[in-house]
$ cat upload-v1.txt   # compact mmCIF, C-alpha atoms and all ligand atoms
# COMPACT_ATOMS: atom_id res chain seq x y z
CA MET A 1 78.17 102.51 75.96
CA LYS A 2 76.29 99.29 75.41
CA LEU A 3 72.51 99.22 75.38
CA SER A 4 70.52 96.12 76.26
CA HIS A 5 69.85 93.46 73.66
CA ARG A 6 66.18 93.67 74.60
CA ILE A 7 65.86 97.34 73.69
CA THR A 8 68.07 97.29 70.60
CA HIS A 9 66.33 94.21 69.20
CA LEU A 10 62.78 95.25 69.98
CA THR A 11 61.97 95.58 66.27
CA GLU A 12 64.72 93.15 65.31
CA GLY A 13 66.54 96.10 63.74
CA GLY A 14 64.30 95.81 60.68
CA SER A 15 61.25 97.71 59.46
CA ASP A 16 58.53 98.36 61.99
CA GLY A 17 55.99 98.70 59.18
CA TRP A 18 55.20 102.39 59.63
CA GLU A 19 57.14 103.76 56.63
CA VAL A 20 54.10 104.73 54.53
CA PHE A 21 52.46 106.40 57.51
CA ILE A 22 55.66 108.35 58.30
CA ARG A 23 56.09 109.34 54.66
CA ALA A 24 52.47 110.58 54.58
CA ARG A 25 53.03 112.63 57.73
CA ARG A 26 56.19 114.12 56.22
CA MET A 27 54.29 115.09 53.05
CA ILE A 28 51.63 116.77 55.20
CA ALA A 29 54.32 118.65 57.14
CA GLU A 30 55.69 119.87 53.79
CA GLY A 31 52.28 121.30 52.91
CA HIS A 32 50.80 118.52 50.71
CA ALA A 33 47.16 117.51 51.13
CA VAL A 34 47.16 113.80 51.99
CA THR A 35 44.13 111.65 52.75
CA GLU A 36 45.13 109.52 55.72
CA LEU A 37 43.51 106.10 56.02
CA THR A 38 46.30 104.76 58.17
CA ILE A 39 46.04 104.72 61.94
CA GLY A 40 43.25 103.62 64.28
CA GLU A 41 42.35 107.08 65.49
CA HIS A 42 38.74 108.31 65.40
CA ASP A 43 37.92 111.42 63.41
CA ILE A 44 35.91 112.65 66.41
CA ARG A 45 37.49 113.74 69.68
CA THR A 46 36.64 112.52 73.18
CA ASP A 47 33.00 113.35 73.99
CA GLN A 48 32.45 116.66 75.79
CA SER A 49 30.53 114.90 78.57
CA ILE A 50 33.57 112.68 79.27
CA LEU A 51 35.81 115.75 79.30
CA SER A 52 33.43 117.44 81.77
CA ALA A 53 33.68 114.42 84.07
CA MET A 54 37.48 114.55 83.71
CA GLU A 55 37.59 118.26 84.50
CA SER A 56 35.32 118.09 87.50
CA SER A 57 37.32 115.18 88.91
CA ALA A 58 40.61 117.06 88.46
CA ARG A 59 39.16 120.29 89.88
CA SER A 60 37.80 118.45 92.90
CA GLY A 61 41.34 117.31 93.67
CA HIS A 62 41.77 113.88 92.08
CA THR A 63 45.20 114.89 90.76
CA GLY A 64 47.46 113.14 93.26
CA TYR A 65 48.72 109.57 93.13
CA ALA A 66 45.76 107.31 92.48
CA MET A 67 45.51 103.78 93.85
CA VAL A 68 48.04 101.69 91.91
CA PRO A 69 45.61 98.86 90.93
CA GLY A 70 43.04 101.45 89.84
CA THR A 71 40.28 103.18 91.79
CA ASP A 72 37.79 100.86 93.48
CA LEU A 73 35.08 102.66 91.52
CA LEU A 74 36.56 101.94 88.08
CA ARG A 75 37.66 98.41 88.94
CA ASP A 76 34.10 97.67 90.12
CA THR A 77 32.62 99.21 86.97
CA VAL A 78 34.93 97.23 84.66
CA ALA A 79 34.22 94.03 86.62
CA ALA A 80 30.46 94.58 86.41
CA ARG A 81 30.67 95.33 82.69
CA VAL A 82 32.70 92.20 81.99
CA GLN A 83 30.36 90.07 84.10
CA MET A 84 27.32 91.50 82.34
CA ARG A 85 28.79 90.92 78.88
CA THR A 86 30.26 87.45 79.47
CA GLY A 87 28.36 85.90 82.39
CA VAL A 88 31.66 85.10 84.12
CA ALA A 89 31.75 86.04 87.82
CA THR A 90 34.17 88.98 88.01
CA THR A 91 35.11 91.26 90.91
CA ARG A 92 37.49 94.16 91.31
CA ASN A 93 40.11 91.60 92.43
CA ASN A 94 40.12 90.31 88.85
CA VAL A 95 40.84 93.77 87.43
CA ILE A 96 43.88 96.05 87.17
CA ILE A 97 43.65 99.43 85.44
CA THR A 98 46.58 100.13 83.10
CA PRO A 99 47.80 103.10 81.02
CA GLY A 100 46.02 101.80 77.91
CA GLY A 101 45.78 98.43 76.21
CA GLN A 102 49.39 98.58 75.03
CA ALA A 103 50.74 98.74 78.59
CA ALA A 104 48.32 95.93 79.45
CA LEU A 105 49.77 93.75 76.68
CA PHE A 106 53.29 94.39 77.97
CA ALA A 107 52.30 93.72 81.59
CA ALA A 108 50.42 90.54 80.64
CA HIS A 109 53.45 89.10 78.82
CA THR A 110 55.72 90.17 81.68
CA ALA A 111 53.49 88.27 84.10
CA LEU A 112 53.50 85.07 82.03
CA CYS A 113 56.84 84.86 80.25
CA ASP A 114 60.36 84.49 81.56
CA PRO A 115 63.24 85.56 79.32
CA GLY A 116 63.65 82.96 76.59
CA ASP A 117 60.11 81.59 76.93
CA ILE A 118 58.15 81.19 73.71
CA ALA A 119 55.10 83.44 73.34
CA LEU A 120 52.80 82.76 70.39
CA TYR A 121 50.95 85.34 68.30
CA LEU A 122 48.92 85.18 65.13
CA ASP A 123 49.85 86.73 61.79
CA PRO A 124 48.47 89.18 60.57
CA TYR A 125 48.93 91.01 63.86
CA TYR A 126 48.64 94.43 65.43
CA ALA A 127 51.99 96.01 64.62
CA THR A 128 53.34 96.17 68.19
CA TYR A 129 52.78 92.51 69.11
CA PRO A 130 56.17 90.98 68.29
CA GLY A 131 58.04 93.96 69.76
CA THR A 132 55.96 93.78 72.94
CA ILE A 133 56.85 90.11 73.35
CA ARG A 134 60.53 90.72 72.61
CA GLY A 135 60.40 93.67 75.02
CA VAL A 136 59.81 91.31 77.94
CA GLY A 137 62.69 89.10 76.79
CA ALA A 138 60.48 86.32 75.46
CA VAL A 139 60.76 84.71 72.03
CA ALA A 140 57.96 85.87 69.72
CA LYS A 141 56.72 82.95 67.62
CA ARG A 142 54.44 83.75 64.72
CA ILE A 143 51.60 81.52 63.58
CA GLU A 144 50.25 82.30 60.12
CA THR A 145 46.56 82.52 59.42
CA ARG A 146 45.42 82.31 55.83
CA ALA A 147 43.59 84.72 53.54
CA GLY A 148 41.83 81.62 52.18
CA ASP A 149 40.40 80.92 55.65
CA LEU A 150 39.39 84.59 55.87
CA PHE A 151 42.06 84.83 58.57
CA GLN A 152 40.22 82.64 61.09
CA PRO A 153 43.06 80.81 62.90
CA ARG A 154 43.32 77.01 62.60
CA ALA A 155 43.68 75.14 65.89
CA SER A 156 45.97 72.65 64.14
CA ASP A 157 48.43 75.46 63.31
CA ILE A 158 48.42 76.65 66.93
CA ASP A 159 48.85 73.10 68.14
CA GLY A 160 51.77 72.63 65.76
CA ALA A 161 53.53 75.71 67.19
CA ALA A 162 52.69 75.07 70.84
CA GLY A 163 55.67 72.90 71.78
CA GLY A 164 57.57 74.72 74.55
CA ALA A 165 55.32 77.78 74.38
CA VAL A 166 53.81 79.39 77.48
CA SER A 167 51.30 81.82 76.05
CA LEU A 168 49.13 82.61 73.03
CA LEU A 169 48.01 86.12 72.12
CA ILE A 170 44.80 86.50 70.10
CA ASN A 171 42.77 89.53 69.01
CA SER A 172 39.11 89.57 68.08
CA PRO A 173 37.62 91.74 66.61
CA ASN A 174 40.92 91.76 64.77
CA ASN A 175 43.23 94.54 63.80
CA PRO A 176 44.21 94.57 60.93
CA THR A 177 41.84 92.08 59.26
CA GLY A 178 38.47 93.21 60.67
CA VAL A 179 37.65 89.56 61.27
CA VAL A 180 35.62 88.47 64.33
CA TYR A 181 36.58 85.00 65.55
CA SER A 182 33.72 82.53 65.37
CA ALA A 183 32.48 80.42 68.29
CA GLU A 184 34.07 77.38 66.59
CA THR A 185 37.43 79.11 66.24
CA LEU A 186 37.43 80.22 69.88
CA SER A 187 36.36 76.79 71.19
CA ALA A 188 39.13 75.14 69.19
CA ILE A 189 41.67 77.66 70.52
CA ALA A 190 40.45 77.05 74.09
CA GLU A 191 40.82 73.30 73.60
CA VAL A 192 44.44 73.69 72.42
CA CYS A 193 45.25 76.06 75.30
CA GLN A 194 43.97 73.53 77.83
CA ARG A 195 45.60 70.50 76.24
CA ARG A 196 48.94 72.29 75.75
CA ASP A 197 48.71 74.18 79.06
CA LEU A 198 49.00 77.62 77.42
CA TRP A 199 48.02 80.92 78.95
CA LEU A 200 45.70 82.86 76.66
CA ILE A 201 45.99 86.64 76.30
CA SER A 202 42.82 87.87 74.62
CA ASP A 203 43.07 91.40 73.23
CA GLU A 204 39.48 92.64 73.14
CA VAL A 205 40.01 96.37 72.68
CA TYR A 206 37.56 96.41 69.73
CA ASP A 207 34.78 94.57 71.58
CA THR A 208 32.25 97.38 70.99
CA GLN A 209 32.88 97.46 67.24
CA VAL A 210 31.15 94.39 65.89
CA TRP A 211 29.25 94.75 62.62
CA GLU A 212 28.48 91.11 61.88
CA GLY A 213 28.19 88.13 64.24
CA GLU A 214 28.86 88.70 67.92
CA HIS A 215 31.85 89.30 70.12
CA LEU A 216 32.62 86.29 72.29
CA SER A 217 35.22 86.46 75.02
CA PRO A 218 37.16 83.19 75.33
CA ARG A 219 37.39 83.80 79.09
CA ALA A 220 33.73 82.71 79.19
CA LEU A 221 34.46 79.26 77.75
CA PRO A 222 34.57 76.29 80.15
CA GLY A 223 37.90 76.00 81.95
CA MET A 224 39.27 79.23 80.46
CA ALA A 225 38.73 81.87 83.20
CA GLU A 226 41.70 80.48 85.14
CA ARG A 227 44.09 80.68 82.19
CA THR A 228 42.92 83.80 80.33
CA LEU A 229 44.07 87.41 80.63
CA VAL A 230 41.70 89.78 78.82
CA VAL A 231 43.07 93.12 77.62
CA GLY A 232 40.56 95.97 77.40
CA SER A 233 40.81 99.68 76.70
CA MET A 234 38.85 102.93 76.59
CA SER A 235 40.77 104.01 73.47
CA LYS A 236 38.61 102.58 70.71
CA SER A 237 35.27 102.10 72.48
CA HIS A 238 35.09 105.67 73.79
CA ALA A 239 37.44 107.67 71.52
CA MET A 240 39.80 108.13 74.46
CA THR A 241 43.04 107.15 72.73
CA GLY A 242 45.01 109.98 74.35
CA SER A 243 43.73 109.32 77.85
CA ARG A 244 45.72 106.08 78.12
CA CYS A 245 43.28 104.02 80.12
CA GLY A 246 42.87 100.27 79.78
CA TRP A 247 42.78 97.15 81.92
CA ILE A 248 43.55 93.49 82.36
CA VAL A 249 40.92 91.06 83.61
CA ALA A 250 42.56 87.91 84.98
CA PRO A 251 42.61 85.40 87.84
CA GLU A 252 43.15 87.09 91.23
CA GLY A 253 46.57 85.49 91.71
CA VAL A 254 47.77 87.03 88.43
CA ILE A 255 46.31 90.44 89.29
CA ASP A 256 48.20 90.45 92.62
CA HIS A 257 51.49 90.13 90.74
CA LEU A 258 50.44 92.66 88.12
CA ILE A 259 49.76 95.17 90.91
CA ASN A 260 53.29 94.57 92.15
CA LEU A 261 54.59 95.13 88.62
CA ALA A 262 52.59 98.37 88.29
CA THR A 263 54.01 99.61 91.61
CA HIS A 264 57.47 99.25 90.11
CA THR A 265 56.72 100.59 86.62
CA THR A 266 53.74 102.82 85.85
CA TYR A 267 52.52 103.54 89.38
CA GLY A 268 48.97 103.52 88.10
CA VAL A 269 46.76 105.76 85.99
CA PRO A 270 45.75 109.37 86.86
CA GLY A 271 42.65 109.51 89.04
CA PHE A 272 40.88 112.12 86.90
CA ILE A 273 41.33 109.89 83.83
CA GLN A 274 39.90 106.93 85.73
CA ASP A 275 36.93 109.02 86.89
CA ALA A 276 36.30 110.07 83.30
CA ALA A 277 36.50 106.43 82.17
CA ASN A 278 34.15 105.42 84.96
CA TYR A 279 31.67 108.07 83.87
CA ALA A 280 31.94 106.95 80.22
CA LEU A 281 31.40 103.27 81.07
CA SER A 282 28.49 104.16 83.34
CA VAL A 283 26.65 105.79 80.43
CA GLY A 284 26.78 102.34 78.84
CA GLN A 285 25.64 101.20 75.42
CA PRO A 286 24.26 104.49 73.98
CA LEU A 287 27.68 106.18 74.16
CA GLU A 288 29.47 103.11 72.80
CA ASP A 289 26.98 102.92 69.91
CA LYS A 290 27.43 106.62 69.17
CA ILE A 291 31.20 106.21 68.91
CA ALA A 292 30.96 103.04 66.81
CA ALA A 293 28.28 104.48 64.47
CA PRO A 294 30.57 106.22 61.93
CA PHE A 295 32.55 103.01 61.36
CA ARG A 296 29.37 100.95 60.97
CA ARG A 297 28.10 103.50 58.42
CA ARG A 298 31.37 103.67 56.46
CA ARG A 299 31.68 99.90 56.36
CA ALA A 300 28.24 99.77 54.68
CA LEU A 301 29.34 102.47 52.21
CA ALA A 302 32.56 100.56 51.48
CA ILE A 303 30.64 97.38 50.72
CA GLU A 304 28.65 99.33 48.09
CA VAL A 305 31.75 100.86 46.51
CA LEU A 306 33.56 97.52 46.39
CA ALA A 307 30.54 95.69 44.98
CA ALA A 308 30.74 97.94 41.91
CA GLN A 309 34.14 96.56 40.80
CA GLN A 310 35.99 93.27 40.49
CA VAL A 311 39.65 93.98 41.15
CA VAL A 312 39.81 94.69 44.88
CA THR A 313 38.37 92.06 47.24
CA LEU A 314 37.13 92.88 50.72
CA ILE A 315 37.93 90.44 53.52
CA PRO A 316 34.57 90.26 55.35
CA ALA A 317 34.68 93.33 57.59
CA GLN A 318 32.98 91.93 60.67
CA GLY A 319 34.40 94.30 63.26
CA ALA A 320 36.90 97.03 64.22
CA MET A 321 37.57 100.26 62.36
CA TYR A 322 39.49 98.84 59.41
CA LEU A 323 38.96 97.19 56.05
CA MET A 324 41.42 94.57 54.80
CA LEU A 325 41.52 94.66 51.02
CA ASP A 326 43.07 91.99 48.84
CA ILE A 327 44.86 93.80 45.98
CA ARG A 328 46.72 90.78 44.57
CA ALA A 329 44.85 91.13 41.26
CA THR A 330 46.99 94.23 40.60
CA GLY A 331 50.12 92.08 40.61
CA LEU A 332 51.69 94.35 43.26
CA SER A 333 52.64 93.73 46.85
CA GLY A 334 50.75 95.70 49.50
CA ASP A 335 53.91 97.71 50.09
CA VAL A 336 54.41 98.74 46.47
CA PHE A 337 50.68 99.42 46.02
CA ALA A 338 50.49 101.63 49.14
CA ASN A 339 53.56 103.63 48.17
CA ALA A 340 52.32 104.09 44.60
CA LEU A 341 48.85 105.16 45.83
CA LEU A 342 50.48 107.73 48.07
CA ASP A 343 52.70 109.03 45.26
CA THR A 344 50.03 109.23 42.58
CA HIS A 345 46.85 110.08 44.51
CA ALA A 346 48.07 111.31 47.92
CA ILE A 347 46.03 108.61 49.66
CA ALA A 348 47.82 106.86 52.52
CA VAL A 349 46.86 103.30 53.48
CA MET A 350 48.83 100.68 55.40
CA PRO A 351 50.50 97.87 53.44
CA GLY A 352 49.32 94.46 54.63
CA GLU A 353 52.97 93.48 55.00
CA SER A 354 53.22 95.94 57.92
CA PHE A 355 51.08 93.46 59.84
CA GLY A 356 52.93 90.31 58.85
CA ALA A 357 53.68 88.05 55.91
CA ALA A 358 50.20 86.52 56.06
CA ALA A 359 48.73 89.84 54.91
CA ALA A 360 51.08 90.20 51.92
CA GLY A 361 49.25 91.46 48.85
CA HIS A 362 46.67 93.22 51.01
CA ILE A 363 46.24 96.74 52.30
CA ARG A 364 44.52 97.98 55.45
CA VAL A 365 42.21 100.96 55.15
CA ALA A 366 41.20 102.78 58.34
CA MET A 367 37.61 104.06 58.17
CA THR A 368 38.59 107.24 59.94
CA ILE A 369 37.65 110.14 57.67
CA ASP A 370 34.28 111.69 56.89
CA ASP A 371 31.86 109.63 54.83
CA GLU A 372 31.98 111.58 51.57
CA LYS A 373 35.76 111.75 51.43
CA PHE A 374 35.96 108.12 52.49
CA VAL A 375 33.78 107.03 49.57
CA THR A 376 35.65 109.10 46.97
CA SER A 377 39.03 107.90 48.29
CA LEU A 378 37.88 104.30 48.10
CA GLN A 379 36.60 104.85 44.55
CA THR A 380 39.94 106.38 43.56
CA LEU A 381 41.76 103.45 45.16
CA CYS A 382 39.64 100.97 43.20
CA GLU A 383 40.15 102.85 39.90
CA PHE A 384 43.89 102.89 40.55
CA ALA A 385 43.82 99.14 41.23
CA ALA A 386 41.82 98.55 38.04
CA GLN A 387 44.35 100.50 35.94
CA LEU A 388 47.18 98.46 37.44
CA ALA A 389 45.34 95.19 36.82
CA GLU A 390 44.69 96.17 33.17
CA GLY A 391 48.22 97.43 32.60
N1 LIG B 401 45.41 96.17 70.65
C1 LIG B 401 45.05 96.43 69.38
C2 LIG B 401 44.59 95.29 68.53
C3 LIG B 401 45.10 97.72 68.86
O1 LIG B 401 44.73 97.94 67.60
C4 LIG B 401 45.55 98.76 69.71
C5 LIG B 401 45.68 100.14 69.17
O2 LIG B 401 45.54 100.42 68.03
C6 LIG B 401 45.92 98.44 71.02
C7 LIG B 401 45.83 97.15 71.47
C8 LIG B 401 46.43 99.48 71.96
O3 LIG B 401 45.48 100.44 72.24
P1 LIG B 401 45.60 101.40 73.48
O4 LIG B 401 46.97 101.27 74.05
O5 LIG B 401 45.35 102.77 72.95
O6 LIG B 401 44.56 100.95 74.44
$ encode --input "upload-v1.txt" --output "structure tokens" --more "lines below"
Ligand code: PLP
Amino acid sequence: MKLSHRITHLTEGGSDGWEVFIRARRMIAEGHAVTELTIGEHDIRTDQSILSAMESSARSGHTGYAMVPGTDLLRDTVAARVQMRTGVATTRNNVIITPGGQAALFAAHTALCDPGDIALYLDPYYATYPGTIRGVGAVAKRIETRAGDLFQPRASDIDGAAGGAVSLLINSPNNPTGVVYSAETLSAIAEVCQRRDLWLISDEVYDTQVWEGEHLSPRALPGMAERTLVVGSMSKSHAMTGSRCGWIVAPEGVIDHLINLATHTTYGVPGFIQDAANYALSVGQPLEDKIAAPFRRRRALAIEVLAAQQVVTLIPAQGAMYLMLDIRATGLSGDVFANALLDTHAIAVMPGESFGAAAAGHIRVAMTIDDEKFVTSLQTLCEFAAQLAEG
């Protein structure tokens, strides 16, 4: 029986970039001790206070179908948070709650792209981006950013790719590079979007993890609120990856259609999860800071470790829970380096190539293990790179 082209070509039949991660997991299953610096999962679990809010909501009966667009309470809280952080007038009618940021990315592209439409995204990219775009039947068009520009996108590159495109997907703070887009970068992107009449999808799931500079939402730029869909999530900001709770903030007319889409796909997000998210957001900054603190600390430790050697170069880690390391001085690709590091030292990192050709010769290190082990793993990685560079 035939399956759809859309589903069979989601990853274009090629690698989806997770081979090293899968190999590491297989080694662990076979009883080997492997240090995993691969996926964006906190080494702490969801805070007990959030779980208490979840439990009391479920026990008090919020276990039936919840409102499809999200509870009024959570939509209001998200709207107020966005308005407070960006200054852009935002109400619950600008918000739909989704089962995580990933579902939000899929819904956003579904809302904007017809089959065959061109949807732009920037390389390096979060691994699911091209598949998400292909999943809605659109044509995923990659725009390379450059290591030499520290992965800040160039408006001229976006402009050059914009012919016939309907949307542009950006992500700041960025996974995998850790780069936070500057005010100049975002203004230039906004200018291209307006001149080329592009929708902008702004993935801001790491907006609470900014170590240098500040997070700016392009929705706040003049003329952008009416053409921007912001993707948010509780996953990274509140260590609620498994709860599957995110949102889209967009013009009301877009939200109306997204609600219709949700009615015919997800049918919303469990009420007790939304109540837990509402509680977590209501605690505000102190909880967000507590969850971001280990990454801030480890980033500082990494800067010290990397300063003590010359082979591995750190792309300025301005935000998010990852480090992007340039290992080109070893003469190896990111892929070969990551596999060799796993084989010789049982340390698993992600090859840059998993996130696109623009990150070739780099590796991504997730700062998701305890400080001491993180430092020794990074030292081992650097010594390994030095031996390769010498050899
Ligand atoms: N966007 C980016 C850039 C991510 O790194 C992730 C997860 O790692 C997501 C979106 C999806 O997160 P979630 O679906 O857990 O909200």
$ residues_around --input "upload-v1.txt" --residues "A:Ser202" --least-positions-apart "5" --cutoff "6 Å" --atoms "all atoms listed in the file" --output "CSV table (one decimal) with C-alpha atoms, in the frame of the given file"
chain,number,residue,atom,x,y,z
A,170,ILE,CA,44.8,86.5,70.1
A,171,ASN,CA,42.8,89.5,69.0
A,230,VAL,CA,41.7,89.8,78.8
$ residues_near_ligand --input "upload-v1.txt" --ligand "ligand LIG 401 (chain B)" --cutoff "10 Å" --atoms "all atoms listed in the file" --output "MDAnalysis selection string"
chainID A and resid 39:41 98:105 125:129 170:176 202:206 231:237 239:247 320:322
$ residues_around --input "upload-v1.txt" --residues "A:Met324" --least-positions-apart "4" --cutoff "10 Å" --atoms "all atoms listed in the file" --output "PyMOL selection string"
chain A and resi 175-179+313-317+350-352+359+362-366
$ residues_around --input "upload-v1.txt" --residues "A:His5" --least-positions-apart "5" --cutoff "10 Å" --atoms "all atoms listed in the file" --output "list in words"
Leu10, Glu12, Arg134, Gly135 and Gly137 of chain A
$ write_last_selection --input "upload-v1.txt" --atoms "C-alpha atoms" --output "PDB file, in the coordinates of the input"
ATOM      1  CA  LEU A  10      62.780  95.250  69.980  1.00  0.00           C
ATOM      2  CA  GLU A  12      64.720  93.150  65.310  1.00  0.00           C
ATOM      3  CA  ARG A 134      60.530  90.720  72.610  1.00  0.00           C
ATOM      4  CA  GLY A 135      60.400  93.670  75.020  1.00  0.00           C
ATOM      5  CA  GLY A 137      62.690  89.100  76.790  1.00  0.00           C
TER       6      GLY A 137
END
$ atom_distance --input "upload-v1.txt" --atom1 "atom CA of A:Gly271" --atom2 "atom CA of A:Gly61"
9.2 Å
$ closest_atom_pairs --input "upload-v1.txt" --of "stretch 173-225 of chain A" --to "stretch 148-169 of chain A" --cutoff "10 Å" --atoms "all atoms listed in the file" --output "tab-separated table"
residue	atom	partner	partner_atom	distance
A:Asn174	CA	A:Phe151	CA	9.4
A:Thr177	CA	A:Phe151	CA	7.3
A:Gly178	CA	A:Phe151	CA	9.4
A:Val179	CA	A:Phe151	CA	7.0
A:Val180	CA	A:Gln152	CA	8.1
A:Tyr181	CA	A:Gln152	CA	6.2
A:Ser182	CA	A:Gln152	CA	7.8
A:Glu184	CA	A:Gln152	CA	9.8
A:Thr185	CA	A:Pro153	CA	6.8
A:Leu186	CA	A:Pro153	CA	9.0
A:Ser187	CA	A:Ala155	CA	9.2
A:Ala188	CA	A:Ala155	CA	5.6
A:Ile189	CA	A:Ala155	CA	5.6
A:Ala190	CA	A:Ala155	CA	9.0
A:Glu191	CA	A:Ala155	CA	8.4
A:Val192	CA	A:Asp159	CA	6.2
A:Cys193	CA	A:Leu168	CA	7.9
A:Arg195	CA	A:Asp159	CA	9.1
A:Arg196	CA	A:Ala162	CA	6.8
A:Asp197	CA	A:Val166	CA	7.5
A:Leu198	CA	A:Ser167	CA	5.0
A:Trp199	CA	A:Ser167	CA	4.5
A:Leu200	CA	A:Leu168	CA	5.0
A:Ile201	CA	A:Leu169	CA	4.7
A:Ser202	CA	A:Leu169	CA	6.0
A:Asp203	CA	A:Leu169	CA	7.3
$ closest_residue --input "upload-v1.txt" --among "A:Ala276, A:Ala183, A:Leu325, A:Leu332" --to "A:Asp47" --atoms "all atoms listed in the file"
A:Ala276
$ closest_residue --input "upload-v1.txt" --among "A:Gly361, A:Val336, A:Ile118, A:Ala346" --to "A:His32" --atoms "all atoms listed in the file"
A:Ala346
$ closest_residue --input "upload-v1.txt" --among "A:Ala138, A:Leu122, A:Ala89, A:Thr71" --to "A:Ala225" --atoms "all atoms listed in the file"
A:Ala89
$ build_atoms --input "upload-v1.txt" --residues "stretch 40-51 of chain A" --atoms "N, CA, C and O atoms" --output "mmCIF file, keeping the file's coordinate frame"
data_model
loop_
_atom_site.group_PDB
_atom_site.id
_atom_site.type_symbol
_atom_site.label_atom_id
_atom_site.label_comp_id
_atom_site.auth_asym_id
_atom_site.auth_seq_id
_atom_site.Cartn_x
_atom_site.Cartn_y
_atom_site.Cartn_z
ATOM 1 N N GLY A 40 44.528 103.863 63.612
ATOM 2 C CA GLY A 40 43.250 103.620 64.280
ATOM 3 C C GLY A 40 42.875 104.739 65.243
ATOM 4 O O GLY A 40 42.789 104.536 66.439
ATOM 5 N N GLU A 41 42.700 105.917 64.669
ATOM 6 C CA GLU A 41 42.350 107.080 65.490
ATOM 7 C C GLU A 41 41.041 107.635 64.961
ATOM 8 O O GLU A 41 40.933 107.934 63.762
ATOM 9 N N HIS A 42 40.053 107.803 65.829
ATOM 10 C CA HIS A 42 38.740 108.310 65.400
ATOM 11 C C HIS A 42 38.876 109.704 64.789
ATOM 12 O O HIS A 42 39.785 110.454 65.143
ATOM 13 N N ASP A 43 37.923 110.051 63.917
ATOM 14 C CA ASP A 43 37.920 111.420 63.410
ATOM 15 C C ASP A 43 37.098 112.339 64.305
ATOM 16 O O ASP A 43 36.977 113.523 64.024
ATOM 17 N N ILE A 44 36.529 111.799 65.377
ATOM 18 C CA ILE A 44 35.910 112.650 66.410
ATOM 19 C C ILE A 44 36.859 112.683 67.607
ATOM 20 O O ILE A 44 37.720 111.819 67.741
ATOM 21 N N ARG A 45 36.684 113.668 68.450
ATOM 22 C CA ARG A 45 37.490 113.740 69.680
ATOM 23 C C ARG A 45 36.674 113.168 70.842
ATOM 24 O O ARG A 45 35.491 112.888 70.709
ATOM 25 N N THR A 46 37.327 113.030 71.987
ATOM 26 C CA THR A 46 36.640 112.520 73.180
ATOM 27 C C THR A 46 35.398 113.360 73.468
ATOM 28 O O THR A 46 35.446 114.594 73.410
ATOM 29 N N ASP A 47 34.287 112.686 73.774
ATOM 30 C CA ASP A 47 33.000 113.350 73.990
ATOM 31 C C ASP A 47 33.109 114.427 75.078
ATOM 32 O O ASP A 47 33.768 114.226 76.093
ATOM 33 N N GLN A 48 32.415 115.545 74.826
ATOM 34 C CA GLN A 48 32.450 116.660 75.790
ATOM 35 C C GLN A 48 32.011 116.226 77.181
ATOM 36 O O GLN A 48 32.536 116.690 78.196
ATOM 37 N N SER A 49 31.029 115.314 77.248
ATOM 38 C CA SER A 49 30.530 114.900 78.570
ATOM 39 C C SER A 49 31.620 114.146 79.342
ATOM 40 O O SER A 49 31.723 114.254 80.568
ATOM 41 N N ILE A 50 32.464 113.402 78.606
ATOM 42 C CA ILE A 50 33.570 112.680 79.270
ATOM 43 C C ILE A 50 34.603 113.703 79.754
ATOM 44 O O ILE A 50 35.140 113.598 80.869
ATOM 45 N N LEU A 51 34.845 114.716 78.906
ATOM 46 C CA LEU A 51 35.810 115.750 79.300
ATOM 47 C C LEU A 51 35.309 116.526 80.520
ATOM 48 O O LEU A 51 36.091 116.888 81.406
#
